[in-house]
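Novice: Dropping in coords_16.cif, with mmCIF, C-alpha atoms and all ligand atoms.
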data_work
#
loop_
_atom_site.label_atom_id
_atom_site.label_comp_id
_atom_site.auth_asym_id
_atom_site.auth_seq_id
_atom_site.Cartn_x
_atom_site.Cartn_y
_atom_site.Cartn_z
CA MET A 327 -19.11 16.53 1.64
CA SER A 328 -16.55 17.43 4.31
CA LYS A 329 -17.40 16.88 7.95
CA TRP A 330 -18.46 19.97 9.95
CA THR A 331 -16.08 20.91 12.75
CA ALA A 332 -15.88 23.78 15.22
CA ALA A 333 -13.45 25.42 12.79
CA ASP A 334 -16.51 26.09 10.60
CA LEU A 335 -18.05 28.35 13.26
CA PRO A 336 -18.42 31.91 11.99
CA ASP A 337 -16.92 34.88 13.80
CA LEU A 338 -19.09 35.28 16.90
CA SER A 339 -17.58 38.54 18.11
CA GLY A 340 -20.23 40.68 19.75
CA ARG A 341 -22.53 37.71 20.30
CA THR A 342 -23.64 36.39 23.67
CA ALA A 343 -24.22 32.70 24.33
CA VAL A 344 -25.59 30.78 27.31
CA VAL A 345 -24.54 27.13 27.65
CA THR A 346 -26.30 25.14 30.38
CA GLY A 347 -24.33 22.36 32.05
CA ALA A 348 -21.11 23.91 30.79
CA SER A 349 -18.90 22.69 33.62
CA SER A 350 -18.13 19.36 31.93
CA GLY A 351 -18.67 17.13 28.93
CA ILE A 352 -20.22 18.39 25.71
CA GLY A 353 -21.31 21.62 27.39
CA LEU A 354 -17.75 22.52 28.33
CA VAL A 355 -16.48 21.81 24.82
CA THR A 356 -19.34 23.87 23.37
CA ALA A 357 -18.56 26.79 25.69
CA ARG A 358 -14.88 26.60 24.81
CA GLU A 359 -15.49 26.57 21.07
CA LEU A 360 -18.05 29.40 21.15
CA ALA A 361 -15.64 31.53 23.20
CA SER A 362 -12.84 30.65 20.82
CA ALA A 363 -15.00 31.94 17.96
CA GLY A 364 -15.33 35.28 19.80
CA ALA A 365 -18.61 34.95 21.66
CA ARG A 366 -19.13 36.08 25.25
CA VAL A 367 -20.14 32.82 26.88
CA VAL A 368 -22.16 32.47 30.06
CA LEU A 369 -21.57 29.09 31.66
CA ALA A 370 -24.88 28.30 33.39
CA VAL A 371 -23.99 25.67 35.98
CA ARG A 372 -25.40 24.13 39.13
CA ASN A 373 -22.01 23.98 40.84
CA LEU A 374 -20.32 27.39 40.76
CA ASP A 375 -16.91 26.12 41.89
CA LYS A 376 -16.89 23.49 39.16
CA GLY A 377 -18.07 26.10 36.66
CA ARG A 378 -15.34 28.57 37.62
CA LYS A 379 -12.72 25.87 37.30
CA ALA A 380 -14.05 25.00 33.84
CA ALA A 381 -14.13 28.66 32.79
CA SER A 382 -10.54 29.13 33.91
CA GLY A 383 -9.47 26.74 31.16
CA ILE A 384 -11.31 28.62 28.43
CA THR A 385 -9.64 31.32 26.36
CA GLY A 386 -12.00 34.20 25.68
CA GLN A 387 -14.79 36.09 27.41
CA THR A 388 -16.65 33.95 29.92
CA GLU A 389 -18.91 34.38 32.90
CA VAL A 390 -20.19 31.76 35.32
CA ARG A 391 -23.74 31.92 36.66
CA GLN A 392 -25.76 29.65 38.93
CA LEU A 393 -28.48 27.56 37.27
CA ASP A 394 -30.08 24.29 38.26
CA VAL A 395 -32.33 23.50 35.32
CA SER A 396 -34.24 20.89 37.32
CA ASP A 397 -35.44 23.55 39.77
CA LEU A 398 -37.99 26.05 38.46
CA THR A 399 -37.09 28.55 41.19
CA SER A 400 -33.49 28.53 39.94
CA VAL A 401 -34.64 28.75 36.31
CA ARG A 402 -36.84 31.78 37.11
CA ALA A 403 -34.06 33.49 39.05
CA PHE A 404 -31.60 32.98 36.18
CA ALA A 405 -34.03 34.34 33.60
CA GLU A 406 -35.12 37.27 35.75
CA SER A 407 -31.53 38.34 36.29
CA TRP A 408 -30.85 38.37 32.56
CA THR A 409 -30.36 41.78 30.99
CA GLY A 410 -29.20 42.67 27.51
CA PRO A 411 -29.20 40.65 24.33
CA LEU A 412 -28.89 36.89 24.04
CA ASP A 413 -27.92 35.38 20.70
CA LEU A 414 -27.48 31.69 21.48
CA LEU A 415 -29.02 29.45 24.10
CA ILE A 416 -27.55 25.95 24.23
CA ASN A 417 -29.82 23.77 26.38
CA ASN A 418 -27.14 21.17 26.98
CA ALA A 419 -27.57 20.24 30.65
CA GLY A 420 -29.14 16.83 30.98
CA ILE A 421 -29.21 13.52 32.78
CA MET A 422 -30.26 10.03 31.76
CA GLN A 423 -31.23 6.72 33.30
CA VAL A 424 -31.14 8.06 36.85
CA PRO A 425 -32.88 6.35 39.76
CA LEU A 426 -36.44 7.51 40.34
CA ALA A 427 -36.43 10.82 42.22
CA ARG A 428 -38.58 13.94 42.45
CA THR A 429 -37.45 17.54 42.16
CA ALA A 430 -38.40 20.33 44.56
CA ASP A 431 -41.31 21.07 42.19
CA GLY A 432 -42.50 17.44 42.38
CA PHE A 433 -41.54 16.35 38.84
CA GLU A 434 -39.64 13.17 38.01
CA SER A 435 -36.02 14.36 37.89
CA GLN A 436 -35.08 13.35 34.32
CA LEU A 437 -38.26 14.91 32.90
CA ALA A 438 -37.62 18.07 34.92
CA THR A 439 -33.97 18.34 33.88
CA ASN A 440 -34.21 17.41 30.21
CA TYR A 441 -37.57 18.92 29.23
CA ILE A 442 -39.47 21.04 31.73
CA GLY A 443 -36.49 23.14 32.87
CA PRO A 444 -35.12 23.84 29.37
CA PHE A 445 -38.62 24.67 28.09
CA ALA A 446 -39.20 27.10 30.97
CA LEU A 447 -35.73 28.62 30.57
CA SER A 448 -36.12 29.12 26.82
CA THR A 449 -39.58 30.65 27.18
CA LEU A 450 -38.63 32.96 30.05
CA LEU A 451 -35.47 34.15 28.29
CA LEU A 452 -37.39 34.75 25.06
CA CYS A 453 -39.71 37.03 27.05
CA ARG A 454 -36.72 39.05 28.30
CA THR A 455 -34.72 39.46 25.10
N1 LIG A 501 -22.71 11.95 25.43
C1 LIG A 501 -23.64 11.35 24.67
O1 LIG A 501 -23.37 10.38 23.96
C2 LIG A 501 -25.03 11.89 24.61
C3 LIG A 501 -25.98 11.27 23.80
C4 LIG A 501 -27.27 11.78 23.73
C5 LIG A 501 -27.61 12.90 24.47
N2 LIG A 501 -26.67 13.48 25.26
C6 LIG A 501 -27.07 14.66 26.01
O2 LIG A 501 -26.16 15.71 25.74
C7 LIG A 501 -26.00 16.50 26.92
C8 LIG A 501 -24.54 16.53 27.35
O3 LIG A 501 -24.05 15.21 27.44
P1 LIG A 501 -22.69 14.88 28.18
O4 LIG A 501 -22.26 13.55 27.70
O5 LIG A 501 -21.74 16.04 28.07
O6 LIG A 501 -23.22 14.73 29.68
P2 LIG A 501 -22.42 14.88 31.06
O7 LIG A 501 -20.96 14.67 30.88
O8 LIG A 501 -23.16 14.03 32.04
O9 LIG A 501 -22.63 16.41 31.42
C9 LIG A 501 -23.91 16.89 31.73
C10 LIG A 501 -23.76 18.30 32.22
O10 LIG A 501 -25.06 18.74 32.58
C11 LIG A 501 -24.99 19.28 33.88
N3 LIG A 501 -26.24 19.12 34.60
C12 LIG A 501 -26.91 17.98 34.90
N4 LIG A 501 -28.02 18.28 35.57
C13 LIG A 501 -28.05 19.61 35.71
C14 LIG A 501 -28.96 20.52 36.32
N5 LIG A 501 -30.05 20.09 36.97
N6 LIG A 501 -28.71 21.85 36.24
C15 LIG A 501 -27.60 22.30 35.61
N7 LIG A 501 -26.70 21.49 35.03
C16 LIG A 501 -26.93 20.17 35.08
C17 LIG A 501 -23.87 18.53 34.59
O11 LIG A 501 -23.43 19.29 35.67
P3 LIG A 501 -22.43 18.72 36.77
O12 LIG A 501 -21.07 18.87 36.14
O13 LIG A 501 -22.67 19.60 37.94
O14 LIG A 501 -22.82 17.29 37.02
C18 LIG A 501 -22.88 18.42 33.44
O15 LIG A 501 -22.10 19.59 33.35
C19 LIG A 501 -26.89 15.86 28.00
O16 LIG A 501 -28.13 16.52 28.00
C20 LIG A 501 -27.03 14.44 27.51
O17 LIG A 501 -28.21 13.83 27.99
C21 LIG A 501 -25.41 13.00 25.35
#
Take the structure in the file and write it out as C-alpha cells.
Specialist:
Amino acid sequence: MSKWTAADLPDLSGRTAVVTGASSGIGLVTARELASAGARVVLAVRNLDKGRKAASGITGQTEVRQLDVSDLTSVRAFAESWTGPLDLLINNAGIMQVPLARTADGFESQLATNYIGPFALSTLLLCRT
C-alpha cells in the first residue's frame, strides 16, 4: 500500500475549513494543504499578527480569526460569529507538558486547551451549521 500524502486530498473547491492553532506547526501545514486543494481556510489563532503572517505564506483563500481555545468566552465568541456552512473543523491547537496553570474559567490549562475547548467549539459550531 502506498503512503497517503496531501497530494491524495480531493478537490476541496467550494468547501470551508477551520483549522485551530494554524499559525505554526502541524496546523499551519494543514491549513496550507487544505487551501492548496481549493478549500477556503479559516485560520483560528490566538495571536492575530502571527496568524496573518502565516496566512500570507499560503496560496489560496484564507481568513484569519481570533480564537483562544483555552478560553470559553473566546470559544463562544468564535462560534457565535460563525455564519454559513462549515465542512471541516480541524481541532489542532494543543499544548503538552506545561507547568500547572489555570485558565480564566478555572480549568487546568492543558485539559482546557486540548479537551474542553475543542469539545465546546465542536458542539457550538455543530449547533450553528
Ligand atoms: N508534533 C507532534 O509530534 C505531536 C504529537 C502528538 C500530538 N500532537 C498534537 O498535535 C497538535 C499540533 O502539534 P504541533 O507539533 O504542530 O504543535 P505546536 O508547534 O506547539 O503548535 C501548536 C499550535 O497550537 C496553537 N495553540 C496553543 N494553544 C492555543 C490556544 N489556547 N488557542 C489557540 N491556539 C493555540 C499554537 O499557537 P501559537 O503559535 O500562538 O503558540 C500553535 O499554533 C497539538 O495539539 C499537539 O499536542 C503533536
Novice: So, with all atoms listed in the file as the atoms that count, which of A:Thr346, A:Ser448, A:Thr455, A:Ser382 lies closest to ligand LIG 501 (chain A)?
Specialist: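 The closest residue to ligand LIG 501 (chain A) is A:Thr346.
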Novice: Select from chain A every residue with an atom at most 6 Å from any atom of ligand LIG 501 (chain A), then for each give the shortest pair of atoms and their distance in Å to one decimal, using only C-alpha atoms and all ligand atoms, rows by chain and rising number, as JSON lines.
Specialist:
{"residue": "A:Thr346", "atom": "CA", "partner": "A:LIG501", "partner_atom": "N7", "distance": 5.9}
{"residue": "A:Gly347", "atom": "CA", "partner": "A:LIG501", "partner_atom": "C11", "distance": 3.6}
{"residue": "A:Ala348", "atom": "CA", "partner": "A:LIG501", "partner_atom": "O15", "distance": 5.1}
{"residue": "A:Ser349", "atom": "CA", "partner": "A:LIG501", "partner_atom": "O15", "distance": 4.5}
{"residue": "A:Ser350", "atom": "CA", "partner": "A:LIG501", "partner_atom": "O15", "distance": 4.2}
{"residue": "A:Gly351", "atom": "CA", "partner": "A:LIG501", "partner_atom": "O5", "distance": 3.4}
{"residue": "A:Ile352", "atom": "CA", "partner": "A:LIG501", "partner_atom": "O5", "distance": 3.7}
{"residue": "A:Gly353", "atom": "CA", "partner": "A:LIG501", "partner_atom": "O5", "distance": 5.6}
{"residue": "A:Val371", "atom": "CA", "partner": "A:LIG501", "partner_atom": "C15", "distance": 5.0}
{"residue": "A:Arg372", "atom": "CA", "partner": "A:LIG501", "partner_atom": "C15", "distance": 4.5}
{"residue": "A:Asn373", "atom": "CA", "partner": "A:LIG501", "partner_atom": "O13", "distance": 5.3}
{"residue": "A:Leu393", "atom": "CA", "partner": "A:LIG501", "partner_atom": "C15", "distance": 5.6}
{"residue": "A:Asp394", "atom": "CA", "partner": "A:LIG501", "partner_atom": "N6", "distance": 3.5}
{"residue": "A:Val395", "atom": "CA", "partner": "A:LIG501", "partner_atom": "N6", "distance": 4.1}
{"residue": "A:Ser396", "atom": "CA", "partner": "A:LIG501", "partner_atom": "N5", "distance": 4.3}
{"residue": "A:Asn418", "atom": "CA", "partner": "A:LIG501", "partner_atom": "C7", "distance": 4.8}
{"residue": "A:Ala419", "atom": "CA", "partner": "A:LIG501", "partner_atom": "O10", "distance": 3.5}
{"residue": "A:Gly420", "atom": "CA", "partner": "A:LIG501", "partner_atom": "O16", "distance": 3.2}
{"residue": "A:Ile421", "atom": "CA", "partner": "A:LIG501", "partner_atom": "O17", "distance": 4.9}
{"residue": "A:Met422", "atom": "CA", "partner": "A:LIG501", "partner_atom": "O17", "distance": 5.7}
{"residue": "A:Thr439", "atom": "CA", "partner": "A:LIG501", "partner_atom": "N5", "distance": 5.3}
Novice: Enter the distance from CA of Arg402 in chain A to CA of Thr449 in chain A, in Å, rounded to one decimal.
Specialist: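 According to the coordinates, CA of Arg402 in chain A and CA of Thr449 in chain A are separated by 10.4 Å.
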Novice: Take every atom of range 374-392 of chain A listed in the file, fit an axis-aligned box around them, add 6 Å per side, and give the centre and edge lengths in Å to one decimal as lines of an AutoDock Vina configuration file.
Specialist:
center_x = -17.6
center_y = 29.8
center_z = 33.8
size_x = 28.3
size_y = 24.6
size_z = 28.2
Novice: Given all atoms listed in the file as the basis, pick out the residue of A:Ala333, A:Leu374, A:Ile384, A:Ala405 nearest to Ala361 in chain A.
Specialist: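 Answer, going by the shortest atom-to-atom distance: A:Ile384.
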Novice: Can you work out which one of A:Leu369, A:Phe404, A:Thr399, A:Arg358 has the shortest atom-to-atom distance to Thr385 in chain A, counting only C-alpha atoms?
Specialist: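 Using only C-alpha atoms, the shortest distance to Thr385 in chain A belongs to A:Arg358.
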Novice: Identify which of the residues A:Ala370, A:Leu412, A:Val355, A:Val401 lies closest to Gly340 in chain A, counting all atoms listed in the file when measuring atom-to-atom distances.
Specialist: A:Leu412
Novice: Taking all atoms listed in the file into account, which of A:Cys453, A:Leu398, A:Leu437, A:Leu360 comes nearest Gln423 in chain A?
Specialist: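 Answer, going by the shortest atom-to-atom distance: A:Leu437.
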Novice: Quick one: of A:Asp334, A:Arg378, A:Leu452, A:Gln436, who's nearest to Gly410 in chain A, counting all atoms listed in the file?
Specialist: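 Closest to Gly410 in chain A, using all atoms listed in the file: A:Leu452.
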Novice: Show me, as a VMD selection string, the residues that have an atom within 9 Å of Arg341 in chain A when counting only C-alpha atoms, minus same-chain residues fewer than 3 positions from it.
Specialist: chain A and resid 338 364 to 367 411 to 414
Novice: Provide the CA of Lys376 in chain A to CA of Ser400 in chain A distance in Å, to one decimal place.
Specialist: 17.4 Å
Novice: So how many Å separate CA of Gln392 in chain A and CA of Thr409 in chain A, to one decimal?
Specialist: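 CA of Thr409 in chain A lies at a distance of 15.2 Å from CA of Gln392 in chain A.
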